[in-house]
file work19.cif (mmCIF, N, CA and C atoms)
data_structure
#
loop_
_atom_site.label_atom_id
_atom_site.label_comp_id
_atom_site.auth_asym_id
_atom_site.auth_seq_id
_atom_site.Cartn_x
_atom_site.Cartn_y
_atom_site.Cartn_z
N MET O 5 7.19 -0.30 30.49
CA MET O 5 7.12 0.44 29.24
C MET O 5 5.63 0.65 28.91
N SER O 6 5.28 1.88 28.59
CA SER O 6 3.87 2.19 28.34
C SER O 6 3.47 1.79 26.92
N LEU O 7 2.17 1.71 26.71
CA LEU O 7 1.63 1.37 25.40
C LEU O 7 2.05 2.40 24.34
N VAL O 8 2.08 3.66 24.72
CA VAL O 8 2.49 4.72 23.78
C VAL O 8 3.91 4.47 23.29
N VAL O 9 4.81 4.13 24.19
CA VAL O 9 6.21 3.88 23.82
C VAL O 9 6.30 2.66 22.90
N VAL O 10 5.56 1.61 23.21
CA VAL O 10 5.59 0.40 22.37
C VAL O 10 5.09 0.72 20.96
N ILE O 11 3.98 1.45 20.86
CA ILE O 11 3.44 1.81 19.54
C ILE O 11 4.44 2.66 18.77
N LYS O 12 5.08 3.62 19.43
CA LYS O 12 6.07 4.45 18.75
C LYS O 12 7.23 3.61 18.23
N ILE O 13 7.71 2.68 19.04
CA ILE O 13 8.82 1.81 18.61
C ILE O 13 8.42 0.98 17.40
N VAL O 14 7.25 0.37 17.46
CA VAL O 14 6.77 -0.45 16.35
C VAL O 14 6.63 0.40 15.09
N ASN O 15 6.06 1.59 15.22
CA ASN O 15 5.89 2.46 14.05
C ASN O 15 7.22 2.90 13.47
N VAL O 16 8.18 3.25 14.32
CA VAL O 16 9.51 3.63 13.84
C VAL O 16 10.13 2.47 13.07
N LEU O 17 10.01 1.26 13.60
CA LEU O 17 10.58 0.09 12.92
C LEU O 17 9.91 -0.15 11.57
N ILE O 18 8.59 -0.05 11.52
CA ILE O 18 7.86 -0.24 10.27
C ILE O 18 8.27 0.81 9.24
N PHE O 19 8.21 2.09 9.62
CA PHE O 19 8.54 3.15 8.68
C PHE O 19 10.00 3.09 8.24
N SER O 20 10.90 2.78 9.15
CA SER O 20 12.33 2.68 8.80
C SER O 20 12.58 1.53 7.83
N PHE O 21 11.95 0.39 8.10
CA PHE O 21 12.10 -0.76 7.20
C PHE O 21 11.57 -0.43 5.81
N LEU O 22 10.37 0.14 5.76
CA LEU O 22 9.77 0.47 4.47
C LEU O 22 10.58 1.53 3.72
N SER O 23 11.13 2.49 4.44
CA SER O 23 11.99 3.49 3.82
C SER O 23 13.23 2.83 3.23
N GLY O 24 13.84 1.94 3.98
CA GLY O 24 15.02 1.22 3.49
C GLY O 24 14.73 0.39 2.26
N VAL O 25 13.59 -0.28 2.23
CA VAL O 25 13.21 -1.08 1.06
C VAL O 25 13.02 -0.19 -0.16
N HIS O 26 12.40 0.97 0.03
CA HIS O 26 12.22 1.89 -1.10
C HIS O 26 13.56 2.44 -1.61
N ILE O 27 14.50 2.70 -0.71
CA ILE O 27 15.84 3.12 -1.14
C ILE O 27 16.50 2.01 -1.95
N TYR O 28 16.38 0.79 -1.46
CA TYR O 28 16.92 -0.38 -2.17
C TYR O 28 16.32 -0.48 -3.57
N TRP O 29 15.00 -0.33 -3.68
CA TRP O 29 14.34 -0.39 -4.99
C TRP O 29 14.78 0.76 -5.89
N ALA O 30 14.94 1.95 -5.32
CA ALA O 30 15.34 3.12 -6.12
C ALA O 30 16.70 2.91 -6.78
N PHE O 31 17.56 2.12 -6.13
CA PHE O 31 18.88 1.86 -6.69
C PHE O 31 18.95 0.54 -7.45
N GLY O 32 17.78 0.05 -7.87
CA GLY O 32 17.74 -1.12 -8.76
C GLY O 32 17.52 -2.46 -8.10
N GLY O 33 17.28 -2.50 -6.80
CA GLY O 33 17.05 -3.77 -6.12
C GLY O 33 15.79 -4.46 -6.62
N LYS O 34 15.81 -5.76 -6.65
CA LYS O 34 14.68 -6.54 -7.18
C LYS O 34 13.95 -7.35 -6.11
N TRP O 35 14.53 -7.46 -4.90
CA TRP O 35 13.90 -8.25 -3.85
C TRP O 35 12.53 -7.67 -3.50
N ALA O 36 11.55 -8.54 -3.37
CA ALA O 36 10.20 -8.19 -2.93
C ALA O 36 9.48 -7.23 -3.86
N THR O 37 9.80 -7.26 -5.15
CA THR O 37 9.11 -6.37 -6.09
C THR O 37 7.87 -7.02 -6.70
N GLU O 38 7.72 -8.32 -6.54
CA GLU O 38 6.57 -9.02 -7.10
C GLU O 38 5.29 -8.62 -6.37
N GLY O 39 4.37 -8.06 -7.11
CA GLY O 39 3.06 -7.76 -6.54
C GLY O 39 2.98 -6.54 -5.66
N VAL O 40 3.91 -5.60 -5.77
CA VAL O 40 3.84 -4.39 -4.94
C VAL O 40 3.26 -3.20 -5.69
N LEU O 41 3.01 -3.37 -6.99
CA LEU O 41 2.38 -2.32 -7.78
C LEU O 41 1.09 -2.87 -8.39
N PRO O 42 0.05 -2.04 -8.43
CA PRO O 42 -1.22 -2.51 -9.00
C PRO O 42 -1.08 -2.86 -10.48
N THR O 43 -1.76 -3.94 -10.88
CA THR O 43 -1.78 -4.35 -12.27
C THR O 43 -3.22 -4.66 -12.68
N ASN O 44 -3.43 -4.64 -13.98
CA ASN O 44 -4.70 -5.07 -14.54
C ASN O 44 -4.37 -5.85 -15.80
N ASP O 45 -4.74 -7.11 -15.83
CA ASP O 45 -4.41 -8.00 -16.94
C ASP O 45 -2.91 -8.05 -17.20
N GLY O 46 -2.12 -8.03 -16.11
CA GLY O 46 -0.67 -8.12 -16.20
C GLY O 46 0.04 -6.83 -16.55
N VAL O 47 -0.69 -5.75 -16.75
CA VAL O 47 -0.10 -4.46 -17.09
C VAL O 47 -0.02 -3.60 -15.84
N LYS O 48 1.20 -3.15 -15.50
CA LYS O 48 1.38 -2.29 -14.33
C LYS O 48 0.66 -0.97 -14.53
N LYS O 49 -0.03 -0.53 -13.49
CA LYS O 49 -0.74 0.74 -13.54
C LYS O 49 0.11 1.89 -13.02
N LEU O 50 1.24 1.57 -12.42
CA LEU O 50 2.22 2.57 -11.96
C LEU O 50 3.60 2.11 -12.40
N ASN O 51 4.40 3.02 -12.84
CA ASN O 51 5.80 2.75 -13.15
C ASN O 51 6.64 3.83 -12.49
N PRO O 52 6.87 3.72 -11.19
CA PRO O 52 7.58 4.79 -10.48
C PRO O 52 9.05 4.88 -10.91
N SER O 53 9.50 6.10 -11.02
CA SER O 53 10.91 6.34 -11.36
C SER O 53 11.76 6.17 -10.10
N PRO O 54 13.06 6.03 -10.27
CA PRO O 54 13.93 5.98 -9.09
C PRO O 54 13.78 7.23 -8.21
N ILE O 55 13.62 8.39 -8.81
CA ILE O 55 13.45 9.62 -8.03
C ILE O 55 12.13 9.59 -7.26
N GLY O 56 11.07 9.14 -7.92
CA GLY O 56 9.78 9.01 -7.24
C GLY O 56 9.84 8.04 -6.08
N THR O 57 10.58 6.95 -6.29
CA THR O 57 10.74 5.96 -5.22
C THR O 57 11.55 6.55 -4.06
N LEU O 58 12.55 7.37 -4.36
CA LEU O 58 13.32 8.04 -3.31
C LEU O 58 12.47 9.07 -2.56
N VAL O 59 11.55 9.70 -3.26
CA VAL O 59 10.64 10.64 -2.59
C VAL O 59 9.77 9.88 -1.59
N VAL O 60 9.26 8.72 -1.99
CA VAL O 60 8.47 7.90 -1.07
C VAL O 60 9.34 7.47 0.12
N ALA O 61 10.58 7.05 -0.16
CA ALA O 61 11.49 6.64 0.92
C ALA O 61 11.74 7.78 1.89
N THR O 62 11.89 8.99 1.36
CA THR O 62 12.10 10.17 2.21
C THR O 62 10.87 10.43 3.08
N GLY O 63 9.70 10.32 2.48
CA GLY O 63 8.46 10.49 3.25
C GLY O 63 8.35 9.47 4.36
N LEU O 64 8.66 8.23 4.06
CA LEU O 64 8.61 7.18 5.09
C LEU O 64 9.64 7.44 6.18
N GLY O 65 10.81 7.95 5.80
CA GLY O 65 11.82 8.33 6.80
C GLY O 65 11.32 9.46 7.68
N LEU O 66 10.63 10.42 7.08
CA LEU O 66 10.03 11.51 7.85
C LEU O 66 8.97 10.97 8.81
N PHE O 67 8.19 10.00 8.34
CA PHE O 67 7.18 9.38 9.21
C PHE O 67 7.85 8.69 10.40
N ALA O 68 8.99 8.05 10.16
CA ALA O 68 9.74 7.41 11.25
C ALA O 68 10.21 8.46 12.25
N PHE O 69 10.68 9.59 11.73
CA PHE O 69 11.13 10.68 12.60
C PHE O 69 9.98 11.21 13.44
N ILE O 70 8.83 11.46 12.81
CA ILE O 70 7.66 11.95 13.54
C ILE O 70 7.26 10.96 14.63
N SER O 71 7.35 9.67 14.31
CA SER O 71 6.98 8.63 15.28
C SER O 71 7.98 8.56 16.44
N ARG O 72 9.20 8.99 16.20
CA ARG O 72 10.27 8.86 17.20
C ARG O 72 10.33 10.03 18.18
N VAL O 73 10.08 11.24 17.69
CA VAL O 73 10.27 12.42 18.54
C VAL O 73 9.12 12.60 19.53
N ASP O 74 9.42 13.27 20.62
CA ASP O 74 8.42 13.54 21.65
C ASP O 74 8.16 15.03 21.79
N LEU O 75 8.11 15.72 20.67
CA LEU O 75 7.88 17.16 20.70
C LEU O 75 6.41 17.46 20.44
N VAL O 76 5.85 18.33 21.22
CA VAL O 76 4.45 18.71 21.06
C VAL O 76 4.22 19.30 19.67
N GLU O 77 5.23 19.98 19.14
CA GLU O 77 5.10 20.63 17.83
C GLU O 77 4.83 19.63 16.71
N TYR O 78 5.25 18.37 16.89
CA TYR O 78 5.07 17.36 15.85
C TYR O 78 3.82 16.50 16.09
N ARG O 79 3.06 16.80 17.12
CA ARG O 79 1.89 15.99 17.45
C ARG O 79 0.88 15.97 16.30
N TRP O 80 0.72 17.08 15.61
CA TRP O 80 -0.19 17.14 14.46
C TRP O 80 0.18 16.11 13.40
N GLY O 81 1.45 15.72 13.35
CA GLY O 81 1.91 14.73 12.39
C GLY O 81 1.21 13.40 12.55
N TYR O 82 0.88 13.04 13.79
CA TYR O 82 0.15 11.79 14.03
C TYR O 82 -1.22 11.85 13.37
N LEU O 83 -1.87 13.00 13.45
CA LEU O 83 -3.19 13.15 12.83
C LEU O 83 -3.08 13.06 11.31
N VAL O 84 -2.07 13.71 10.74
CA VAL O 84 -1.86 13.65 9.29
C VAL O 84 -1.60 12.21 8.86
N LEU O 85 -0.75 11.50 9.59
CA LEU O 85 -0.46 10.10 9.26
C LEU O 85 -1.71 9.24 9.37
N SER O 86 -2.49 9.47 10.41
CA SER O 86 -3.72 8.71 10.59
C SER O 86 -4.67 8.90 9.41
N ILE O 87 -4.83 10.13 8.99
CA ILE O 87 -5.72 10.43 7.86
C ILE O 87 -5.15 9.84 6.56
N LEU O 88 -3.85 10.01 6.36
CA LEU O 88 -3.20 9.51 5.15
C LEU O 88 -3.39 8.00 5.01
N PHE O 89 -3.07 7.26 6.07
CA PHE O 89 -3.19 5.81 5.99
C PHE O 89 -4.64 5.36 6.02
N GLY O 90 -5.53 6.13 6.63
CA GLY O 90 -6.96 5.84 6.57
C GLY O 90 -7.47 5.95 5.14
N LEU O 91 -7.01 6.98 4.43
CA LEU O 91 -7.39 7.13 3.02
C LEU O 91 -6.84 5.99 2.17
N ARG O 92 -5.63 5.54 2.49
CA ARG O 92 -5.04 4.40 1.76
C ARG O 92 -5.86 3.13 1.98
N VAL O 93 -6.40 2.97 3.19
CA VAL O 93 -7.26 1.82 3.47
C VAL O 93 -8.50 1.88 2.58
N ILE O 94 -9.12 3.03 2.48
CA ILE O 94 -10.31 3.18 1.63
C ILE O 94 -9.94 2.93 0.18
N GLY O 95 -8.85 3.51 -0.28
CA GLY O 95 -8.33 3.23 -1.61
C GLY O 95 -8.85 4.15 -2.69
N ASP O 96 -8.61 3.73 -3.92
CA ASP O 96 -8.98 4.54 -5.09
C ASP O 96 -10.24 4.00 -5.78
N PHE O 97 -10.86 2.99 -5.20
CA PHE O 97 -12.08 2.37 -5.73
C PHE O 97 -11.86 1.63 -7.04
N ARG O 98 -10.61 1.41 -7.40
CA ARG O 98 -10.30 0.67 -8.63
C ARG O 98 -9.25 -0.41 -8.36
N TYR O 99 -8.03 -0.01 -7.97
CA TYR O 99 -6.93 -0.96 -7.84
C TYR O 99 -6.47 -1.20 -6.41
N VAL O 100 -6.64 -0.25 -5.50
CA VAL O 100 -6.13 -0.38 -4.14
C VAL O 100 -7.23 -0.11 -3.12
N GLY O 101 -7.05 -0.69 -1.93
CA GLY O 101 -7.94 -0.41 -0.82
C GLY O 101 -9.09 -1.39 -0.68
N LEU O 102 -9.87 -1.15 0.36
CA LEU O 102 -10.99 -2.04 0.67
C LEU O 102 -12.04 -2.10 -0.44
N PHE O 103 -12.19 -1.03 -1.17
CA PHE O 103 -13.25 -0.95 -2.16
C PHE O 103 -12.76 -1.11 -3.59
N LYS O 104 -11.63 -1.79 -3.77
CA LYS O 104 -11.07 -1.98 -5.12
C LYS O 104 -11.98 -2.90 -5.94
N ILE O 105 -11.98 -2.66 -7.23
CA ILE O 105 -12.76 -3.47 -8.17
C ILE O 105 -11.89 -4.60 -8.73
N VAL O 106 -10.65 -4.28 -9.09
CA VAL O 106 -9.74 -5.29 -9.65
C VAL O 106 -9.19 -6.11 -8.49
N LYS O 107 -9.63 -7.37 -8.41
CA LYS O 107 -9.28 -8.23 -7.27
C LYS O 107 -8.55 -9.51 -7.67
N ASN O 108 -8.24 -9.66 -8.94
CA ASN O 108 -7.68 -10.92 -9.41
C ASN O 108 -6.21 -10.83 -9.80
N SER O 109 -5.46 -9.94 -9.17
CA SER O 109 -4.03 -9.82 -9.46
C SER O 109 -3.22 -10.17 -8.21
N VAL O 110 -1.94 -10.40 -8.42
CA VAL O 110 -1.05 -10.66 -7.28
C VAL O 110 -1.08 -9.48 -6.33
N PHE O 111 -1.04 -8.26 -6.89
CA PHE O 111 -1.09 -7.07 -6.04
C PHE O 111 -2.39 -7.03 -5.23
N ALA O 112 -3.51 -7.29 -5.86
CA ALA O 112 -4.80 -7.21 -5.17
C ALA O 112 -4.84 -8.19 -3.98
N ARG O 113 -4.30 -9.37 -4.17
CA ARG O 113 -4.27 -10.35 -3.07
C ARG O 113 -3.33 -9.89 -1.95
N LYS O 114 -2.17 -9.34 -2.32
CA LYS O 114 -1.25 -8.81 -1.30
C LYS O 114 -1.84 -7.58 -0.62
N ASP O 115 -2.55 -6.77 -1.38
CA ASP O 115 -3.20 -5.59 -0.82
C ASP O 115 -4.18 -6.01 0.27
N THR O 116 -4.99 -7.01 -0.02
CA THR O 116 -5.99 -7.48 0.94
C THR O 116 -5.34 -8.14 2.15
N ALA O 117 -4.30 -8.93 1.91
CA ALA O 117 -3.69 -9.72 2.99
C ALA O 117 -2.66 -8.96 3.81
N ILE O 118 -1.94 -8.02 3.20
CA ILE O 118 -0.81 -7.38 3.88
C ILE O 118 -0.96 -5.86 3.96
N PHE O 119 -1.13 -5.20 2.81
CA PHE O 119 -1.05 -3.74 2.77
C PHE O 119 -2.21 -3.06 3.50
N ILE O 120 -3.44 -3.55 3.29
CA ILE O 120 -4.59 -2.94 3.97
C ILE O 120 -4.50 -3.12 5.49
N PRO O 121 -4.23 -4.35 5.99
CA PRO O 121 -4.10 -4.48 7.45
C PRO O 121 -2.98 -3.61 8.03
N LEU O 122 -1.86 -3.50 7.32
CA LEU O 122 -0.77 -2.64 7.78
C LEU O 122 -1.23 -1.19 7.84
N CYS O 123 -1.93 -0.75 6.82
CA CYS O 123 -2.41 0.64 6.79
C CYS O 123 -3.47 0.88 7.86
N ILE O 124 -4.31 -0.11 8.14
CA ILE O 124 -5.29 0.02 9.23
C ILE O 124 -4.55 0.21 10.55
N TYR O 125 -3.54 -0.62 10.79
CA TYR O 125 -2.75 -0.48 12.02
C TYR O 125 -2.12 0.91 12.10
N LEU O 126 -1.48 1.35 11.01
CA LEU O 126 -0.80 2.65 11.03
C LEU O 126 -1.78 3.79 11.22
N SER O 127 -2.95 3.70 10.62
CA SER O 127 -3.96 4.74 10.79
C SER O 127 -4.45 4.79 12.24
N LEU O 128 -4.82 3.64 12.77
CA LEU O 128 -5.35 3.61 14.14
C LEU O 128 -4.29 3.93 15.18
N SER O 129 -3.07 3.43 14.99
CA SER O 129 -2.02 3.70 15.98
C SER O 129 -1.66 5.18 16.00
N ASN O 130 -1.63 5.82 14.84
CA ASN O 130 -1.32 7.25 14.82
C ASN O 130 -2.47 8.08 15.36
N ALA O 131 -3.70 7.65 15.15
CA ALA O 131 -4.84 8.34 15.77
C ALA O 131 -4.73 8.23 17.29
N PHE O 132 -4.38 7.06 17.77
CA PHE O 132 -4.20 6.84 19.21
C PHE O 132 -3.11 7.77 19.76
N LEU O 133 -1.98 7.83 19.06
CA LEU O 133 -0.88 8.70 19.51
C LEU O 133 -1.29 10.17 19.50
N TYR O 134 -2.08 10.56 18.52
CA TYR O 134 -2.53 11.95 18.46
C TYR O 134 -3.41 12.30 19.66
N PHE O 135 -4.31 11.40 20.02
CA PHE O 135 -5.26 11.70 21.09
C PHE O 135 -4.71 11.43 22.49
N CYS O 136 -3.54 10.83 22.59
CA CYS O 136 -2.92 10.58 23.92
C CYS O 136 -2.24 11.82 24.45
#

call {"tool": "encode", "arguments": {"input": "work19.cif", "output": "structure tokens"}}
result
Amino acid sequence: MSLVVVIKIVNVLIFSFLSGVHIYWAFGGKWATEGVLPTNDGVKKLNPSPIGTLVVATGLGLFAFISRVDLVEYRWGYLVLSILFGLRVIGDFRYVGLFKIVKNSVFARKDTAIFIPLCIYLSLSNAFLYFC
């Protein structure tokens, strides 16, 4: 099995899992909701609606599809994903990303330990897939 195939499988699994979790949250699920939204002094900076959460789930499902197919027409999708997750790594310079200012919340610690490394992997792996 080639490295390209392994990366595609891993990416499909990641995107599918994340899409499923967002669908679960959109329908009122509470598992793993602690620290997934940026806060400042305990106040959430985002309050996504169920529809907004379903939009994110749909996007993640689309990302899984792009990662799964072997069509040349979808190759540009790898570049878009690489740029998207690269921008997420950089962040908004306030609550998310490498250059965040607010660093003393549960979200900020999870962002540093989990979300940023995941986004680095997704950015680099999709760049690799684009250039292969």

call {"tool": "closest_residue", "arguments": {"input": "work19.cif", "among": "O:Val16, O:Leu83, O:Leu122, O:Val10", "to": "O:Leu66", "atoms": "only C-alpha atoms"}}
result
O:Val16

call {"tool": "resolve_selection", "arguments": {"input": "work19.cif", "expression": "the PyMOL selection byres (((chain O and resi 31 and name CA) around 10) and name CA)", "output": "NGL selection string"}}
result
:O and (26-30 or 32-34 or 54-55 or 57-58)

call {"tool": "closest_residue", "arguments": {"input": "work19.cif", "among": "O:Ile118, O:Cys123, O:Leu128, O:Ile18", "to": "O:Ala68", "atoms": "all atoms listed in the file"}}
result
O:Ile18

call {"tool": "residues_around", "arguments": {"input": "work19.cif", "residues": "O:Leu85", "least_positions_apart": "4", "cutoff": "8 Å", "atoms": "all atoms listed in the file", "output": "JSON, numbers by chain"}}
result
{"O": [67, 80, 81, 89, 90, 91, 126, 127, 128, 129, 130, 131]}

call {"tool": "atom_distance", "arguments": {"input": "work19.cif", "atom1": "atom CA of O:Tyr82", "atom2": "atom CA of O:Ile11"}}
result
11.9 Å

call {"tool": "select_by_dssp", "arguments": {"input": "work19.cif", "residues": "chain O", "states": "alpha helix (DSSP H)", "output": "ChimeraX atom specification"}}
result
/O:7-30,54-72,79-94,110-114,120-135

call {"tool": "closest_residue", "arguments": {"input": "work19.cif", "among": "O:Gly56, O:Gly65, O:Gly46, O:Gly39", "to": "O:Ser20", "atoms": "all atoms listed in the file"}}
result
O:Gly65

call {"tool": "atom_distance", "arguments": {"input": "work19.cif", "atom1": "atom CA of O:Val40", "atom2": "atom CA of O:Asp96"}}
result
15.6 Å

call {"tool": "residues_around", "arguments": {"input": "work19.cif", "residues": "O:Val8", "least_positions_apart": "4", "cutoff": "8 Å", "atoms": "all atoms listed in the file", "output": "list in words"}}
result
Lys12, Ile13, Val14, Phe132, Leu133 and Cys136 of chain O

call {"tool": "residues_around", "arguments": {"input": "work19.cif", "residues": "O:Ile105", "least_positions_apart": "4", "cutoff": "12 Å", "atoms": "only C-alpha atoms", "output": "ChimeraX atom specification"}}
result
/O:42-44,95-101,109,112

call {"tool": "write_last_selection", "arguments": {"input": "work19.cif", "atoms": "N, CA and C atoms", "output": "tab-separated table (two decimals), in the frame of the given file"}}
result
chain	number	residue	atom	x	y	z
O	42	PRO	N	0.05	-2.04	-8.43
O	42	PRO	CA	-1.22	-2.51	-9.00
O	42	PRO	C	-1.08	-2.86	-10.48
O	43	THR	N	-1.76	-3.94	-10.88
O	43	THR	CA	-1.78	-4.35	-12.27
O	43	THR	C	-3.22	-4.66	-12.68
O	44	ASN	N	-3.43	-4.64	-13.98
O	44	ASN	CA	-4.70	-5.07	-14.54
O	44	ASN	C	-4.37	-5.85	-15.80
O	95	GLY	N	-8.85	3.51	-0.28
O	95	GLY	CA	-8.33	3.23	-1.61
O	95	GLY	C	-8.85	4.15	-2.69
O	96	ASP	N	-8.61	3.73	-3.92
O	96	ASP	CA	-8.98	4.54	-5.09
O	96	ASP	C	-10.24	4.00	-5.78
O	97	PHE	N	-10.86	2.99	-5.20
O	97	PHE	CA	-12.08	2.37	-5.73
O	97	PHE	C	-11.86	1.63	-7.04
O	98	ARG	N	-10.61	1.41	-7.40
O	98	ARG	CA	-10.30	0.67	-8.63
O	98	ARG	C	-9.25	-0.41	-8.36
O	99	TYR	N	-8.03	-0.01	-7.97
O	99	TYR	CA	-6.93	-0.96	-7.84
O	99	TYR	C	-6.47	-1.20	-6.41
O	100	VAL	N	-6.64	-0.25	-5.50
O	100	VAL	CA	-6.13	-0.38	-4.14
O	100	VAL	C	-7.23	-0.11	-3.12
O	101	GLY	N	-7.05	-0.69	-1.93
O	101	GLY	CA	-7.94	-0.41	-0.82
O	101	GLY	C	-9.09	-1.39	-0.68
O	109	SER	N	-5.46	-9.94	-9.17
O	109	SER	CA	-4.03	-9.82	-9.46
O	109	SER	C	-3.22	-10.17	-8.21
O	112	ALA	N	-3.51	-7.29	-5.86
O	112	ALA	CA	-4.80	-7.21	-5.17
O	112	ALA	C	-4.84	-8.19	-3.98

call {"tool": "atom_distance", "arguments": {"input": "work19.cif", "atom1": "atom N of O:Ser6", "atom2": "atom C of O:Phe119"}}
result
26.6 Å

call {"tool": "select_by_dssp", "arguments": {"input": "work19.cif", "residues": "chain O", "states": "strand (DSSP E or B)", "output": "short mmCIF file (atom, residue, chain, number, x, y, z; two decimals) with N, CA and C atoms, keeping the file's coordinate frame"}}
result
data_model
loop_
_atom_site.label_atom_id
_atom_site.label_comp_id
_atom_site.auth_asym_id
_atom_site.auth_seq_id
_atom_site.Cartn_x
_atom_site.Cartn_y
_atom_site.Cartn_z
N THR O 43 -1.76 -3.94 -10.88
CA THR O 43 -1.78 -4.35 -12.27
C THR O 43 -3.22 -4.66 -12.68
N ASN O 44 -3.43 -4.64 -13.98
CA ASN O 44 -4.70 -5.07 -14.54
C ASN O 44 -4.37 -5.85 -15.80
N VAL O 47 -0.69 -5.75 -16.75
CA VAL O 47 -0.10 -4.46 -17.09
C VAL O 47 -0.02 -3.60 -15.84
N LYS O 48 1.20 -3.15 -15.50
CA LYS O 48 1.38 -2.29 -14.33
C LYS O 48 0.66 -0.97 -14.53
#

call {"tool": "build_atoms", "arguments": {"input": "work19.cif", "residues": "stretch 98-111 of chain O", "atoms": "N, CA, C and O atoms", "output": "PDB file, in the coordinates of the input"}}
result
ATOM      1  N   ARG O  98     -10.610   1.410  -7.400  1.00  0.00           N
ATOM      2  CA  ARG O  98     -10.300   0.670  -8.630  1.00  0.00           C
ATOM      3  C   ARG O  98      -9.250  -0.410  -8.360  1.00  0.00           C
ATOM      4  O   ARG O  98      -9.544  -1.580  -8.502  1.00  0.00           O
ATOM      5  N   TYR O  99      -8.030  -0.010  -7.970  1.00  0.00           N
ATOM      6  CA  TYR O  99      -6.930  -0.960  -7.840  1.00  0.00           C
ATOM      7  C   TYR O  99      -6.470  -1.200  -6.410  1.00  0.00           C
ATOM      8  O   TYR O  99      -5.852  -2.224  -6.133  1.00  0.00           O
ATOM      9  N   VAL O 100      -6.640  -0.250  -5.500  1.00  0.00           N
ATOM     10  CA  VAL O 100      -6.130  -0.380  -4.140  1.00  0.00           C
ATOM     11  C   VAL O 100      -7.230  -0.110  -3.120  1.00  0.00           C
ATOM     12  O   VAL O 100      -8.189   0.606  -3.392  1.00  0.00           O
ATOM     13  N   GLY O 101      -7.050  -0.690  -1.930  1.00  0.00           N
ATOM     14  CA  GLY O 101      -7.940  -0.410  -0.820  1.00  0.00           C
ATOM     15  C   GLY O 101      -9.090  -1.390  -0.680  1.00  0.00           C
ATOM     16  O   GLY O 101      -9.249  -2.325  -1.456  1.00  0.00           O
ATOM     17  N   LEU O 102      -9.870  -1.150   0.360  1.00  0.00           N
ATOM     18  CA  LEU O 102     -10.990  -2.040   0.670  1.00  0.00           C
ATOM     19  C   LEU O 102     -12.040  -2.100  -0.440  1.00  0.00           C
ATOM     20  O   LEU O 102     -12.699  -3.128  -0.609  1.00  0.00           O
ATOM     21  N   PHE O 103     -12.190  -1.030  -1.170  1.00  0.00           N
ATOM     22  CA  PHE O 103     -13.250  -0.950  -2.160  1.00  0.00           C
ATOM     23  C   PHE O 103     -12.760  -1.110  -3.590  1.00  0.00           C
ATOM     24  O   PHE O 103     -13.414  -0.663  -4.534  1.00  0.00           O
ATOM     25  N   LYS O 104     -11.630  -1.790  -3.770  1.00  0.00           N
ATOM     26  CA  LYS O 104     -11.070  -1.980  -5.120  1.00  0.00           C
ATOM     27  C   LYS O 104     -11.980  -2.900  -5.940  1.00  0.00           C
ATOM     28  O   LYS O 104     -12.645  -3.784  -5.417  1.00  0.00           O
ATOM     29  N   ILE O 105     -11.980  -2.660  -7.230  1.00  0.00           N
ATOM     30  CA  ILE O 105     -12.760  -3.470  -8.170  1.00  0.00           C
ATOM     31  C   ILE O 105     -11.890  -4.600  -8.730  1.00  0.00           C
ATOM     32  O   ILE O 105     -12.354  -5.730  -8.849  1.00  0.00           O
ATOM     33  N   VAL O 106     -10.650  -4.280  -9.090  1.00  0.00           N
ATOM     34  CA  VAL O 106      -9.740  -5.290  -9.650  1.00  0.00           C
ATOM     35  C   VAL O 106      -9.190  -6.110  -8.490  1.00  0.00           C
ATOM     36  O   VAL O 106      -8.404  -5.623  -7.688  1.00  0.00           O
ATOM     37  N   LYS O 107      -9.630  -7.370  -8.410  1.00  0.00           N
ATOM     38  CA  LYS O 107      -9.280  -8.230  -7.270  1.00  0.00           C
ATOM     39  C   LYS O 107      -8.550  -9.510  -7.670  1.00  0.00           C
ATOM     40  O   LYS O 107      -8.286 -10.333  -6.819  1.00  0.00           O
ATOM     41  N   ASN O 108      -8.240  -9.660  -8.940  1.00  0.00           N
ATOM     42  CA  ASN O 108      -7.680 -10.920  -9.410  1.00  0.00           C
ATOM     43  C   ASN O 108      -6.210 -10.830  -9.800  1.00  0.00           C
ATOM     44  O   ASN O 108      -5.749 -11.575 -10.652  1.00  0.00           O
ATOM     45  N   SER O 109      -5.460  -9.940  -9.170  1.00  0.00           N
ATOM     46  CA  SER O 109      -4.030  -9.820  -9.460  1.00  0.00           C
ATOM     47  C   SER O 109      -3.220 -10.170  -8.210  1.00  0.00           C
ATOM     48  O   SER O 109      -3.761 -10.221  -7.111  1.00  0.00           O
ATOM     49  N   VAL O 110      -1.940 -10.400  -8.420  1.00  0.00           N
ATOM     50  CA  VAL O 110      -1.050 -10.660  -7.280  1.00  0.00           C
ATOM     51  C   VAL O 110      -1.080  -9.480  -6.330  1.00  0.00           C
ATOM     52  O   VAL O 110      -1.174  -9.648  -5.110  1.00  0.00           O
ATOM     53  N   PHE O 111      -1.040  -8.260  -6.890  1.00  0.00           N
ATOM     54  CA  PHE O 111      -1.090  -7.070  -6.040  1.00  0.00           C
ATOM     55  C   PHE O 111      -2.390  -7.030  -5.230  1.00  0.00           C
ATOM     56  O   PHE O 111      -2.360  -6.720  -4.039  1.00  0.00           O
TER      57      PHE O 111
END
